[in-house]
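A.B. asks: Sharing target.cif (mmCIF, C-alpha atoms and all ligand atoms) below.
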```cif
data_data
#
loop_
_atom_site.label_atom_id
_atom_site.label_comp_id
_atom_site.auth_asym_id
_atom_site.auth_seq_id
_atom_site.Cartn_x
_atom_site.Cartn_y
_atom_site.Cartn_z
CA MET A 34 -1.01 -23.59 33.28
CA SER A 35 -2.82 -22.64 30.13
CA THR A 36 -1.72 -24.02 26.78
CA GLN A 37 -3.31 -21.06 25.01
CA LEU A 38 -1.20 -19.34 22.40
CA ASN A 39 -1.08 -15.56 22.60
CA GLY A 40 -1.79 -14.99 18.88
CA GLY A 41 -4.72 -12.84 18.01
CA SER A 42 -4.54 -11.18 21.39
CA PRO A 43 -5.62 -7.55 21.11
CA ARG A 44 -2.64 -6.72 23.36
CA TYR A 45 -0.25 -7.13 20.45
CA ASN A 46 -0.55 -6.01 16.87
CA PRO A 47 1.77 -7.53 14.25
CA LEU A 48 1.40 -4.45 12.06
CA GLU A 49 2.77 -2.28 14.86
CA SER A 50 5.66 -4.72 15.27
CA MET A 51 6.36 -4.53 11.54
CA ASN A 52 6.15 -0.72 11.49
CA ARG A 53 8.50 -0.27 14.44
CA ARG A 54 11.22 -2.33 12.79
CA PHE A 55 10.55 -0.64 9.45
CA ASP A 56 10.95 2.81 11.04
CA ALA A 57 14.21 1.72 12.68
CA ALA A 58 15.53 0.53 9.30
CA VAL A 59 14.54 3.87 7.70
CA GLU A 60 16.70 5.60 10.35
CA VAL A 61 19.69 3.32 9.75
CA LEU A 62 19.52 3.91 5.99
CA GLY A 63 18.82 7.64 6.41
CA LEU A 64 15.90 7.44 3.97
CA ASP A 65 13.57 10.37 3.45
CA LYS A 66 10.48 9.68 5.57
CA GLN A 67 7.91 10.74 2.94
CA PHE A 68 9.59 8.52 0.39
CA ALA A 69 9.82 5.62 2.86
CA ASN A 70 6.14 5.99 3.66
CA VAL A 71 5.34 4.66 0.17
CA LEU A 72 6.72 1.32 1.36
CA ARG A 73 5.31 1.53 4.87
CA VAL A 74 1.75 1.20 3.60
CA PRO A 75 0.32 -1.48 1.30
CA ASP A 76 -0.29 -0.73 -2.40
CA LYS A 77 -3.71 -2.33 -2.43
CA VAL A 78 -6.22 -3.79 0.03
CA VAL A 79 -9.08 -5.93 -1.24
CA MET A 80 -11.81 -7.12 1.09
CA ALA A 81 -14.61 -9.48 0.07
CA ASN A 82 -17.62 -10.82 1.93
CA ILE A 83 -17.94 -14.37 0.68
CA PRO A 84 -21.26 -16.20 1.03
CA VAL A 85 -21.02 -20.00 1.21
CA THR A 86 -23.80 -22.56 1.51
CA MET A 87 -22.83 -24.86 4.35
CA ASP A 88 -23.54 -28.62 4.41
CA ASP A 89 -26.58 -28.08 6.64
CA GLY A 90 -28.14 -25.71 4.10
CA THR A 91 -27.45 -22.49 6.02
CA ILE A 92 -25.65 -19.60 4.35
CA GLN A 93 -22.59 -18.20 6.08
CA VAL A 94 -20.75 -15.06 5.02
CA PHE A 95 -16.94 -15.16 5.43
CA GLU A 96 -14.55 -12.19 5.54
CA GLY A 97 -11.81 -12.57 2.94
CA TYR A 98 -8.78 -10.34 2.34
CA ARG A 99 -5.97 -9.95 -0.12
CA VAL A 100 -3.39 -7.28 0.62
CA VAL A 101 -0.77 -6.44 -1.99
CA HIS A 102 2.03 -4.69 -0.16
CA SER A 103 4.30 -4.07 -3.15
CA ASP A 104 5.02 -5.17 -6.70
CA HIS A 105 8.16 -3.12 -7.35
CA LEU A 106 10.47 -6.11 -7.73
CA GLY A 107 8.00 -8.31 -9.59
CA PRO A 108 4.56 -9.87 -9.17
CA SER A 109 3.39 -9.88 -5.57
CA LYS A 110 3.74 -13.18 -3.75
CA GLY A 111 2.40 -14.61 -0.53
CA GLY A 112 0.23 -17.21 1.09
CA ILE A 113 -3.42 -17.40 2.05
CA ARG A 114 -4.29 -18.02 5.69
CA TYR A 115 -7.45 -19.67 7.01
CA SER A 116 -7.84 -18.84 10.69
CA MET A 117 -10.31 -17.29 13.10
CA ASP A 118 -7.59 -14.76 14.05
CA VAL A 119 -7.42 -13.27 10.54
CA ASN A 120 -7.89 -9.50 10.56
CA LEU A 121 -6.83 -6.68 8.26
CA ASP A 122 -3.85 -5.48 10.34
CA GLU A 123 -2.49 -9.00 10.53
CA VAL A 124 -2.81 -9.51 6.76
CA LYS A 125 -1.17 -6.11 6.13
CA ALA A 126 1.80 -7.06 8.32
CA LEU A 127 2.11 -10.50 6.71
CA ALA A 128 2.00 -8.90 3.23
CA ALA A 129 4.78 -6.45 4.09
CA TRP A 130 6.87 -9.28 5.55
CA MET A 131 6.56 -11.08 2.19
CA THR A 132 8.05 -8.04 0.42
CA TRP A 133 11.06 -8.03 2.76
CA LYS A 134 11.42 -11.81 2.63
CA CYS A 135 11.53 -11.95 -1.17
CA ALA A 136 14.07 -9.13 -1.27
CA ILE A 137 16.30 -10.92 1.26
CA VAL A 138 16.45 -14.19 -0.70
CA ASN A 139 16.85 -12.26 -3.91
CA ILE A 140 13.82 -13.49 -5.83
CA PRO A 141 12.00 -11.21 -8.31
CA TYR A 142 8.78 -10.76 -6.37
CA GLY A 143 6.93 -8.19 -4.35
CA GLY A 144 4.84 -9.12 -1.33
CA ALA A 145 1.19 -9.94 -0.66
CA LYS A 146 -0.93 -11.97 1.71
CA GLY A 147 -4.46 -13.26 1.84
CA GLY A 148 -6.65 -14.45 4.61
CA ILE A 149 -10.13 -15.73 5.33
CA LYS A 150 -11.59 -15.52 8.81
CA CYS A 151 -12.78 -19.11 9.27
CA ASN A 152 -12.04 -22.23 11.28
CA PRO A 153 -10.91 -24.79 8.69
CA ARG A 154 -10.81 -27.57 11.31
CA ALA A 155 -14.54 -27.19 11.84
CA MET A 156 -15.42 -27.21 8.12
CA SER A 157 -16.05 -30.14 5.79
CA LYS A 158 -14.00 -30.66 2.64
CA GLY A 159 -16.97 -29.56 0.52
CA GLU A 160 -17.41 -26.35 2.53
CA LEU A 161 -13.72 -25.57 2.24
CA GLU A 162 -13.83 -26.16 -1.50
CA ARG A 163 -16.82 -23.85 -2.00
CA LEU A 164 -15.20 -21.18 0.16
CA THR A 165 -11.86 -21.42 -1.68
CA ARG A 166 -13.48 -21.28 -5.12
CA ALA A 167 -15.69 -18.31 -4.14
CA TYR A 168 -12.65 -16.48 -2.71
CA THR A 169 -10.78 -17.11 -6.00
CA VAL A 170 -13.67 -15.61 -7.97
CA SER A 171 -13.67 -12.55 -5.65
CA MET A 172 -9.95 -12.09 -6.20
CA LYS A 173 -9.84 -12.87 -9.93
CA GLU A 174 -8.75 -9.33 -10.84
CA VAL A 175 -5.93 -9.44 -8.30
CA PHE A 176 -4.50 -12.94 -8.83
CA GLY A 177 -2.46 -13.76 -11.92
CA PRO A 178 0.87 -15.40 -12.85
CA GLU A 179 2.28 -11.96 -13.74
CA SER A 180 0.50 -9.94 -11.08
CA ASP A 181 -0.17 -11.74 -7.78
CA ILE A 182 0.63 -15.34 -6.92
CA PRO A 183 -0.86 -16.95 -3.79
CA ALA A 184 0.50 -19.98 -1.91
CA PRO A 185 -0.35 -21.95 1.23
CA ASP A 186 -0.06 -20.49 4.71
CA MET A 187 -1.54 -21.42 8.08
CA GLY A 188 -4.70 -23.51 7.59
CA THR A 189 -4.22 -24.07 3.84
CA GLY A 190 -2.20 -26.56 1.79
CA PRO A 191 -1.85 -28.24 -1.62
CA GLN A 192 -5.58 -29.09 -1.84
CA GLU A 193 -6.68 -25.45 -1.51
CA MET A 194 -4.06 -24.49 -4.12
CA ALA A 195 -5.46 -27.15 -6.48
CA TRP A 196 -8.95 -25.61 -6.14
CA ILE A 197 -7.56 -22.14 -6.82
CA VAL A 198 -5.69 -23.29 -9.94
CA ASP A 199 -8.83 -25.04 -11.19
CA GLU A 200 -11.19 -22.13 -10.54
CA TYR A 201 -8.79 -19.53 -11.94
CA SER A 202 -8.11 -21.70 -15.02
CA LYS A 203 -11.86 -21.95 -15.65
CA ILE A 204 -12.20 -18.16 -15.44
CA LYS A 205 -9.32 -17.68 -17.91
CA GLY A 206 -10.36 -20.55 -20.20
CA GLN A 207 -6.93 -22.18 -20.07
CA ASN A 208 -4.78 -24.05 -17.58
CA SER A 209 -2.90 -21.48 -15.57
CA TRP A 210 -0.46 -23.41 -13.39
CA ALA A 211 1.71 -20.45 -12.47
CA VAL A 212 -1.12 -18.51 -10.78
CA VAL A 213 -0.45 -20.23 -7.47
CA THR A 214 2.39 -22.20 -5.85
CA GLY A 215 2.44 -24.98 -3.28
CA LYS A 216 0.28 -27.12 -5.58
CA PRO A 217 0.13 -30.91 -5.46
CA ILE A 218 3.03 -32.39 -7.50
CA VAL A 219 0.70 -33.90 -10.14
CA LEU A 220 -0.84 -30.46 -10.73
CA GLY A 221 2.42 -28.66 -11.43
CA GLY A 222 3.76 -28.49 -7.88
CA SER A 223 7.49 -28.57 -7.22
CA LEU A 224 9.33 -31.38 -5.53
CA GLY A 225 10.71 -30.11 -2.24
CA ARG A 226 8.07 -27.35 -1.78
CA VAL A 227 6.29 -28.99 1.17
CA GLU A 228 9.54 -29.29 3.15
CA ALA A 229 11.03 -26.02 1.90
CA THR A 230 10.17 -23.70 4.80
CA GLY A 231 11.31 -26.23 7.42
CA ARG A 232 14.42 -26.90 5.38
CA GLY A 233 15.28 -23.20 5.30
CA VAL A 234 14.82 -23.07 9.08
CA MET A 235 17.31 -25.95 9.33
CA VAL A 236 19.84 -24.17 7.06
CA SER A 237 19.46 -21.00 9.16
CA THR A 238 19.96 -23.00 12.36
CA ARG A 239 23.05 -24.70 10.94
CA SER A 240 24.53 -21.38 9.78
CA ALA A 241 23.85 -19.67 13.12
CA LEU A 242 25.28 -22.54 15.20
CA ALA A 243 28.44 -22.41 13.05
CA LYS A 244 28.81 -18.66 13.73
CA MET A 245 28.34 -19.34 17.44
CA GLY A 246 30.94 -22.12 17.40
CA ILE A 247 28.43 -24.71 18.66
CA LYS A 248 28.51 -28.24 17.23
CA PRO A 249 25.03 -29.56 16.29
CA THR A 250 25.71 -32.74 18.26
CA GLU A 251 26.18 -30.64 21.39
CA ALA A 252 22.98 -28.67 20.86
CA THR A 253 19.40 -29.15 22.02
CA CYS A 254 16.32 -27.71 20.37
CA VAL A 255 12.74 -26.83 21.31
CA VAL A 256 10.19 -26.43 18.51
CA GLN A 257 6.89 -24.62 19.10
CA GLY A 258 4.26 -25.66 16.55
CA PHE A 259 4.04 -28.98 14.73
CA GLY A 260 2.33 -27.98 11.49
CA ASN A 261 4.06 -28.06 8.13
CA VAL A 262 6.88 -25.74 9.21
CA GLY A 263 7.51 -26.98 12.77
CA SER A 264 7.36 -30.70 12.04
CA LYS A 265 9.64 -30.53 8.98
CA ALA A 266 12.08 -28.17 10.73
CA ALA A 267 12.21 -30.50 13.77
CA LYS A 268 12.87 -33.52 11.56
CA LEU A 269 15.64 -31.84 9.56
CA ILE A 270 17.29 -30.25 12.62
CA GLU A 271 17.22 -33.67 14.30
CA GLN A 272 18.93 -35.11 11.19
CA MET A 273 21.73 -32.56 11.72
CA GLY A 274 22.49 -34.31 15.02
CA VAL A 275 20.69 -31.85 17.31
CA LYS A 276 18.63 -33.35 20.15
CA ILE A 277 14.98 -32.22 19.93
CA ILE A 278 13.93 -32.01 23.58
CA ALA A 279 10.44 -30.55 23.15
CA ILE A 280 7.73 -30.04 20.56
CA SER A 281 4.20 -28.64 20.76
CA ASP A 282 0.94 -28.08 18.95
CA ILE A 283 -2.55 -26.86 19.88
CA SER A 284 -2.92 -29.82 22.26
CA GLY A 285 0.05 -28.64 24.37
CA GLY A 286 3.81 -29.14 24.79
CA TYR A 287 5.71 -32.45 24.97
CA TYR A 288 9.14 -32.68 26.60
CA SER A 289 11.79 -35.37 26.96
CA ASP A 290 15.38 -34.75 28.07
CA GLU A 291 16.30 -38.01 26.32
CA GLY A 292 15.20 -36.43 23.03
CA ILE A 293 12.01 -36.85 21.05
CA ASP A 294 11.81 -39.20 18.05
CA VAL A 295 10.46 -36.66 15.56
CA ASN A 296 9.53 -39.20 12.89
CA ALA A 297 7.51 -41.14 15.46
CA ALA A 298 5.72 -37.90 16.42
CA ILE A 299 4.96 -37.08 12.77
CA GLU A 300 3.57 -40.57 12.25
CA TYR A 301 1.56 -40.30 15.46
CA VAL A 302 -0.12 -37.07 14.33
CA ALA A 303 -0.85 -38.47 10.85
CA ASN A 304 -2.64 -41.49 12.36
CA SER A 305 -4.42 -39.80 15.25
CA ASP A 306 -8.11 -38.96 14.99
CA THR A 307 -7.54 -35.39 16.16
CA HIS A 308 -4.45 -34.87 13.96
CA THR A 309 -2.65 -33.56 17.02
CA LEU A 310 0.05 -34.81 19.43
CA GLU A 311 -2.59 -35.42 22.14
CA GLY A 312 -1.74 -38.73 23.82
CA PHE A 313 1.81 -39.01 22.37
CA LYS A 314 3.67 -41.42 24.67
CA GLY A 315 7.05 -41.43 26.42
CA VAL A 316 7.13 -37.67 26.99
CA GLU A 317 6.29 -35.23 29.75
CA LYS A 318 3.44 -32.81 29.11
CA VAL A 319 4.32 -29.12 29.51
CA SER A 320 2.33 -25.96 28.87
CA ASN A 321 3.02 -23.63 25.97
CA THR A 322 4.37 -21.06 28.44
CA GLU A 323 6.75 -23.60 29.99
CA LEU A 324 7.86 -24.84 26.58
CA LEU A 325 9.08 -21.42 25.47
CA GLU A 326 11.03 -21.00 28.70
CA LEU A 327 12.86 -24.36 28.59
CA GLU A 328 16.65 -24.32 28.78
CA CYS A 329 17.94 -25.24 25.32
CA THR A 330 20.42 -24.18 22.65
CA VAL A 331 17.90 -23.40 19.92
CA LEU A 332 14.28 -22.32 20.18
CA VAL A 333 12.25 -22.51 16.97
CA PRO A 334 8.90 -20.69 17.31
CA ALA A 335 6.98 -22.13 14.35
CA ALA A 336 3.38 -21.60 15.43
CA MET A 337 2.08 -18.06 15.06
CA GLU A 338 2.58 -14.39 15.86
CA ASP A 339 3.18 -12.74 19.24
CA GLN A 340 4.56 -15.68 21.20
CA ILE A 341 7.69 -13.98 22.57
CA THR A 342 6.55 -10.77 24.22
CA PRO A 343 7.80 -8.38 26.94
CA GLU A 344 5.98 -10.69 29.37
CA ASN A 345 8.11 -13.76 28.77
CA ALA A 346 11.19 -12.58 26.82
CA HIS A 347 13.31 -12.16 29.96
CA LYS A 348 12.53 -15.79 30.90
CA ILE A 349 13.69 -17.30 27.61
CA ARG A 350 16.73 -19.53 28.20
CA ALA A 351 17.64 -20.43 24.60
CA LYS A 352 20.96 -19.19 23.18
CA LEU A 353 19.56 -18.94 19.67
CA ILE A 354 16.06 -18.28 18.32
CA VAL A 355 15.28 -19.23 14.72
CA GLU A 356 11.86 -17.91 13.73
CA GLY A 357 9.93 -20.44 11.65
CA ALA A 358 6.62 -18.57 12.07
CA ASN A 359 5.92 -15.07 10.78
CA GLY A 360 6.09 -12.48 13.56
CA PRO A 361 6.53 -14.75 16.60
CA THR A 362 8.40 -12.00 18.49
CA THR A 363 6.83 -8.63 19.25
CA ALA A 364 8.90 -5.50 18.61
CA GLU A 365 9.08 -4.69 22.35
CA ALA A 366 10.64 -8.09 23.04
CA ASP A 367 13.54 -7.53 20.61
CA SER A 368 15.62 -5.39 22.96
CA ILE A 369 15.05 -7.78 25.89
CA LEU A 370 16.43 -10.66 23.82
CA ASP A 371 19.36 -8.44 22.74
CA GLU A 372 20.18 -7.61 26.36
CA LYS A 373 20.18 -11.30 27.18
CA GLY A 374 22.66 -11.90 24.35
CA ILE A 375 20.31 -14.24 22.48
CA LEU A 376 21.00 -14.44 18.74
CA VAL A 377 17.73 -14.15 16.79
CA VAL A 378 17.50 -15.26 13.16
CA PRO A 379 14.42 -13.24 12.16
CA ASP A 380 11.33 -14.64 10.42
CA ILE A 381 11.84 -12.72 7.18
CA LEU A 382 15.15 -14.57 6.79
CA ALA A 383 14.63 -17.87 8.62
CA ASN A 384 11.34 -18.88 7.00
CA ALA A 385 12.13 -17.57 3.49
CA GLY A 386 12.91 -21.08 2.21
CA GLY A 387 9.21 -21.61 1.47
CA VAL A 388 8.81 -18.68 -0.88
CA THR A 389 12.19 -19.46 -2.45
CA VAL A 390 10.92 -22.86 -3.58
CA SER A 391 7.59 -21.25 -4.54
CA TYR A 392 9.63 -19.14 -6.94
CA PHE A 393 11.27 -22.32 -8.29
CA GLU A 394 7.80 -23.82 -8.75
CA TRP A 395 6.62 -20.76 -10.72
CA VAL A 396 9.77 -20.89 -12.87
CA GLN A 397 9.22 -24.61 -13.59
CA ASN A 398 5.55 -23.97 -14.48
CA ARG A 399 6.52 -21.27 -16.93
CA LEU A 400 9.26 -23.40 -18.47
CA GLY A 401 7.14 -26.54 -18.51
CA TYR A 402 10.28 -28.32 -17.38
CA TYR A 403 10.48 -29.94 -13.96
CA TRP A 404 13.51 -30.24 -11.69
CA THR A 405 14.65 -33.10 -9.50
CA GLU A 406 14.21 -32.74 -5.75
CA GLU A 407 17.97 -32.75 -5.38
CA ARG A 408 18.27 -29.72 -7.66
CA VAL A 409 15.48 -27.85 -5.83
CA ASN A 410 17.07 -28.52 -2.43
CA ARG A 411 20.57 -27.64 -3.57
CA ARG A 412 19.46 -24.29 -5.02
CA ALA A 413 17.21 -23.48 -2.07
CA ASP A 414 19.95 -24.30 0.46
CA ARG A 415 22.39 -22.12 -1.45
CA ALA A 416 19.93 -19.20 -1.54
CA MET A 417 19.25 -19.51 2.20
CA LYS A 418 22.94 -19.76 3.13
CA LEU A 419 23.77 -16.74 0.97
CA ALA A 420 20.92 -14.74 2.51
CA PHE A 421 22.02 -15.69 6.02
CA ASP A 422 25.64 -14.69 5.38
CA ASN A 423 24.53 -11.43 3.80
CA ILE A 424 22.32 -10.45 6.74
CA TYR A 425 24.92 -11.56 9.27
CA ALA A 426 27.52 -9.39 7.51
CA ALA A 427 25.09 -6.42 7.48
CA SER A 428 24.48 -6.85 11.22
CA GLU A 429 28.24 -6.64 11.79
CA LYS A 430 28.69 -3.72 9.42
CA TYR A 431 25.98 -1.58 11.05
CA ASN A 432 26.46 -3.07 14.52
CA ILE A 433 22.78 -3.97 14.81
CA ASN A 434 20.91 -7.19 15.52
CA MET A 435 20.08 -9.59 12.69
CA ARG A 436 16.41 -8.57 12.64
CA LEU A 437 17.16 -4.92 12.01
CA ALA A 438 19.89 -5.94 9.54
CA ALA A 439 17.34 -8.01 7.61
CA TYR A 440 14.97 -5.02 7.38
CA VAL A 441 17.86 -2.75 6.35
CA VAL A 442 19.03 -5.08 3.56
CA ALA A 443 15.48 -5.60 2.29
CA LEU A 444 14.43 -1.96 2.49
CA ASP A 445 17.64 -0.84 0.83
CA LYS A 446 16.94 -3.11 -2.13
CA VAL A 447 13.24 -2.31 -2.51
CA SER A 448 13.69 1.45 -2.03
CA THR A 449 16.52 1.51 -4.59
CA THR A 450 14.21 -0.20 -7.09
CA LEU A 451 11.46 2.25 -6.29
CA LYS A 452 13.80 5.22 -6.84
CA LEU A 453 15.00 3.81 -10.17
CA ARG A 454 11.47 3.21 -11.37
CA GLY A 455 10.52 6.66 -10.15
CA SER A 456 6.86 6.17 -10.89
CA PHE A 457 5.47 8.99 -8.76
N1 LIG A 501 3.10 -18.59 3.38
C1 LIG A 501 4.51 -18.75 3.19
C2 LIG A 501 5.25 -17.60 3.84
O1 LIG A 501 4.75 -16.94 4.72
C3 LIG A 501 4.90 -18.98 1.75
C4 LIG A 501 4.51 -17.92 0.79
C5 LIG A 501 4.77 -18.27 -0.67
O2 LIG A 501 5.36 -19.31 -0.93
O3 LIG A 501 4.38 -17.48 -1.51
O4 LIG A 501 6.39 -17.35 3.55
#
```
Could you spell out this file's structure in structure tokens?
Ligand code: GLU
C.D. replies:
Amino acid sequence: MSTQLNGGSPRYNPLESMNRRFDAAVEVLGLDKQFANVLRVPDKVVMANIPVTMDDGTIQVFEGYRVVHSDHLGPSKGGIRYSMDVNLDEVKALAAWMTWKCAIVNIPYGGAKGGIKCNPRAMSKGELERLTRAYTVSMKEVFGPESDIPAPDMGTGPQEMAWIVDEYSKIKGQNSWAVVTGKPIVLGGSLGRVEATGRGVMVSTRSALAKMGIKPTEATCVVQGFGNVGSKAAKLIEQMGVKIIAISDISGGYYSDEGIDVNAAIEYVANSDTHTLEGFKGVEKVSNTELLELECTVLVPAAMEDQITPENAHKIRAKLIVEGANGPTTAEADSILDEKGILVVPDILANAGGVTVSYFEWVQNRLGYYWTEERVNRRADRAMKLAFDNIYAASEKYNINMRLAAYVVALDKVSTTLKLRGSF
């Protein structure tokens, strides 16, 4: 069986998935459609063709995007993705999801997203640096600590953020730490930021299991994706007492009914030449398709979009899905999961721990006063728990699933702000 992920497949479009849920939330709230349309479309779309001299002397032109979905609640916020699957519709969907995410965890930001169509695994450090700096120059009118604040996403991390801060600071003629979050600690990063998204996934899992009356020690978990989000989520969920029975990355899925030692897997990836799980011992190899369909208590899709679709949703045997990735479930699959009685903690809630700690990083940069990791974690956990309880309560109040409830809560907040500002 193929280990291919479905993401980037022309069969599914994350923007359509976003719009369908958005339209459903407009109905629930009874919002005027013309008014709601202001929030259905992004405020601003910037596209840049970025020439970079490669190590072999050739010149390659890369497609770069920054989409600002909204800035009604504050500066727009969202990561930058480096992937061959990057396209405008995907970036638009990811930008809108950032708006809803920030509203749900109650932080004073709008939403944005950036992306460059490239394969970072096939590029040298020097090529990545030149690309990142050139992208920053292209977006210099968009980025800013008070206007639009990027962060890492798939294919980017603290090093790319360090280059952005450096390039932007040069343009402005002064150090500008707060222009980007997810920076290395020595360059104004926040303790706890690297683990924050995975940690929020753990808090969401813990909250959902409690609502379901399932003890963590009686639960099993399957995690799809072993990047920053998946690996940290797996580690923290394991620490809760849950047995992690399967993990996966681009090299395939790895299963053990005895439970996987997550720390050993993390160490294995860090020391392997390919930086993947390929060759990880003491486990059974399964395909990506099989992995998603394993019997388990919790399934954490933490890889990419469009993994749970009408094609496989009816075969999912998890009781709970906690979405670490953005958009792992297509809109058509939602009702199939509902019919099966599977509780889904949606992406815009479950993975909001990352942007929450990004906000803390921005606050610390502006104060010039840095918090302990304990303080960061305590405040982030509290924000995530509060957001979970709020969305759960909304799902009961309106008698809708948690995904729609999350859109309703977010849209209610952003549309109220928009009405109050009344700028059109
Ligand atoms: N890329 C992350 C996300 O999708 C983090 C964004 C941020 O911290 O601004 O939520």
A.B. asks: Produce a table with one row for each residue of stretch 153-235 of chain A that has an atom at most 8 Å from any atom of stretch 352-367 of chain A, each row naming the nearest atom pair and its distance in Å at one decimal; use all atoms listed in the file; arrange rows by chain and rising residue number; format as CSV.
C.D. replies:
```
residue,atom,partner,partner_atom,distance
A:Thr230,CA,A:Gly357,CA,7.6
A:Gly231,CA,A:Gly357,CA,7.3
A:Val234,CA,A:Gly357,CA,6.1
```
A.B. asks: What's the separation between atom CA of A:Lys77 and atom CA of A:Arg114, in Å to one decimal place?
C.D. replies: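 Going from atom CA of A:Lys77 over to atom CA of A:Arg114 covers 17.7 Å.
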A.B. asks: Which polymer residues have any atom within 7 Å of an atom of A:Ser391, counting all atoms listed in the file, with same-chain residues fewer than 4 positions away left out, as a PyMOL selection string?
C.D. replies: chain A and resi 214-215+226+387+395
A.B. asks: Can those selected residues be exported to a file as a PDB file, in the coordinates of the input so that it contains C-alpha atoms?
C.D. replies:
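Saved the output as part04.pdb:
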```
ATOM      1  CA  THR A 214       2.390 -22.200  -5.850  1.00  0.00           C
ATOM      2  CA  GLY A 215       2.440 -24.980  -3.280  1.00  0.00           C
ATOM      3  CA  ARG A 226       8.070 -27.350  -1.780  1.00  0.00           C
ATOM      4  CA  GLY A 387       9.210 -21.610   1.470  1.00  0.00           C
ATOM      5  CA  TRP A 395       6.620 -20.760 -10.720  1.00  0.00           C
TER       6      TRP A 395
END
```
A.B. asks: Taking only C-alpha atoms and all ligand atoms into account, list the residues no farther than 6 Å from ligand LIG 501 (chain A), as a VMD selection string.
C.D. replies: chain A and resid 110 to 112 183 to 186 385 387 to 388 391
A.B. asks: Would you mind telling me which residue in A:Arg350, A:Lys276, A:Lys373, A:Lys146 lies nearest to A:Glu251 when using all atoms listed in the file?
C.D. replies: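 Comparing A:Arg350, A:Lys276, A:Lys373, A:Lys146 against A:Glu251, the winner is A:Lys276.
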A.B. asks: Out of A:Leu106, A:Val170, A:Val390, A:Ile293, which residue has the shortest atom-to-atom distance to A:Asn410 when counting all atoms listed in the file?
C.D. replies: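 Ranking A:Leu106, A:Val170, A:Val390, A:Ile293 by distance to A:Asn410, first place goes to A:Val390.
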A.B. asks: So, with only C-alpha atoms as the atoms that count, which of A:Gly260, A:Gly143, A:Gly233, A:Pro217 lies closest to A:Met187?
C.D. replies: A:Gly260
A.B. asks: Smallest atom-to-atom distance to A:Glu311: which of A:Gly374, A:Gly286, A:Gly97, A:Gly292, using only C-alpha atoms?
C.D. replies: A:Gly286
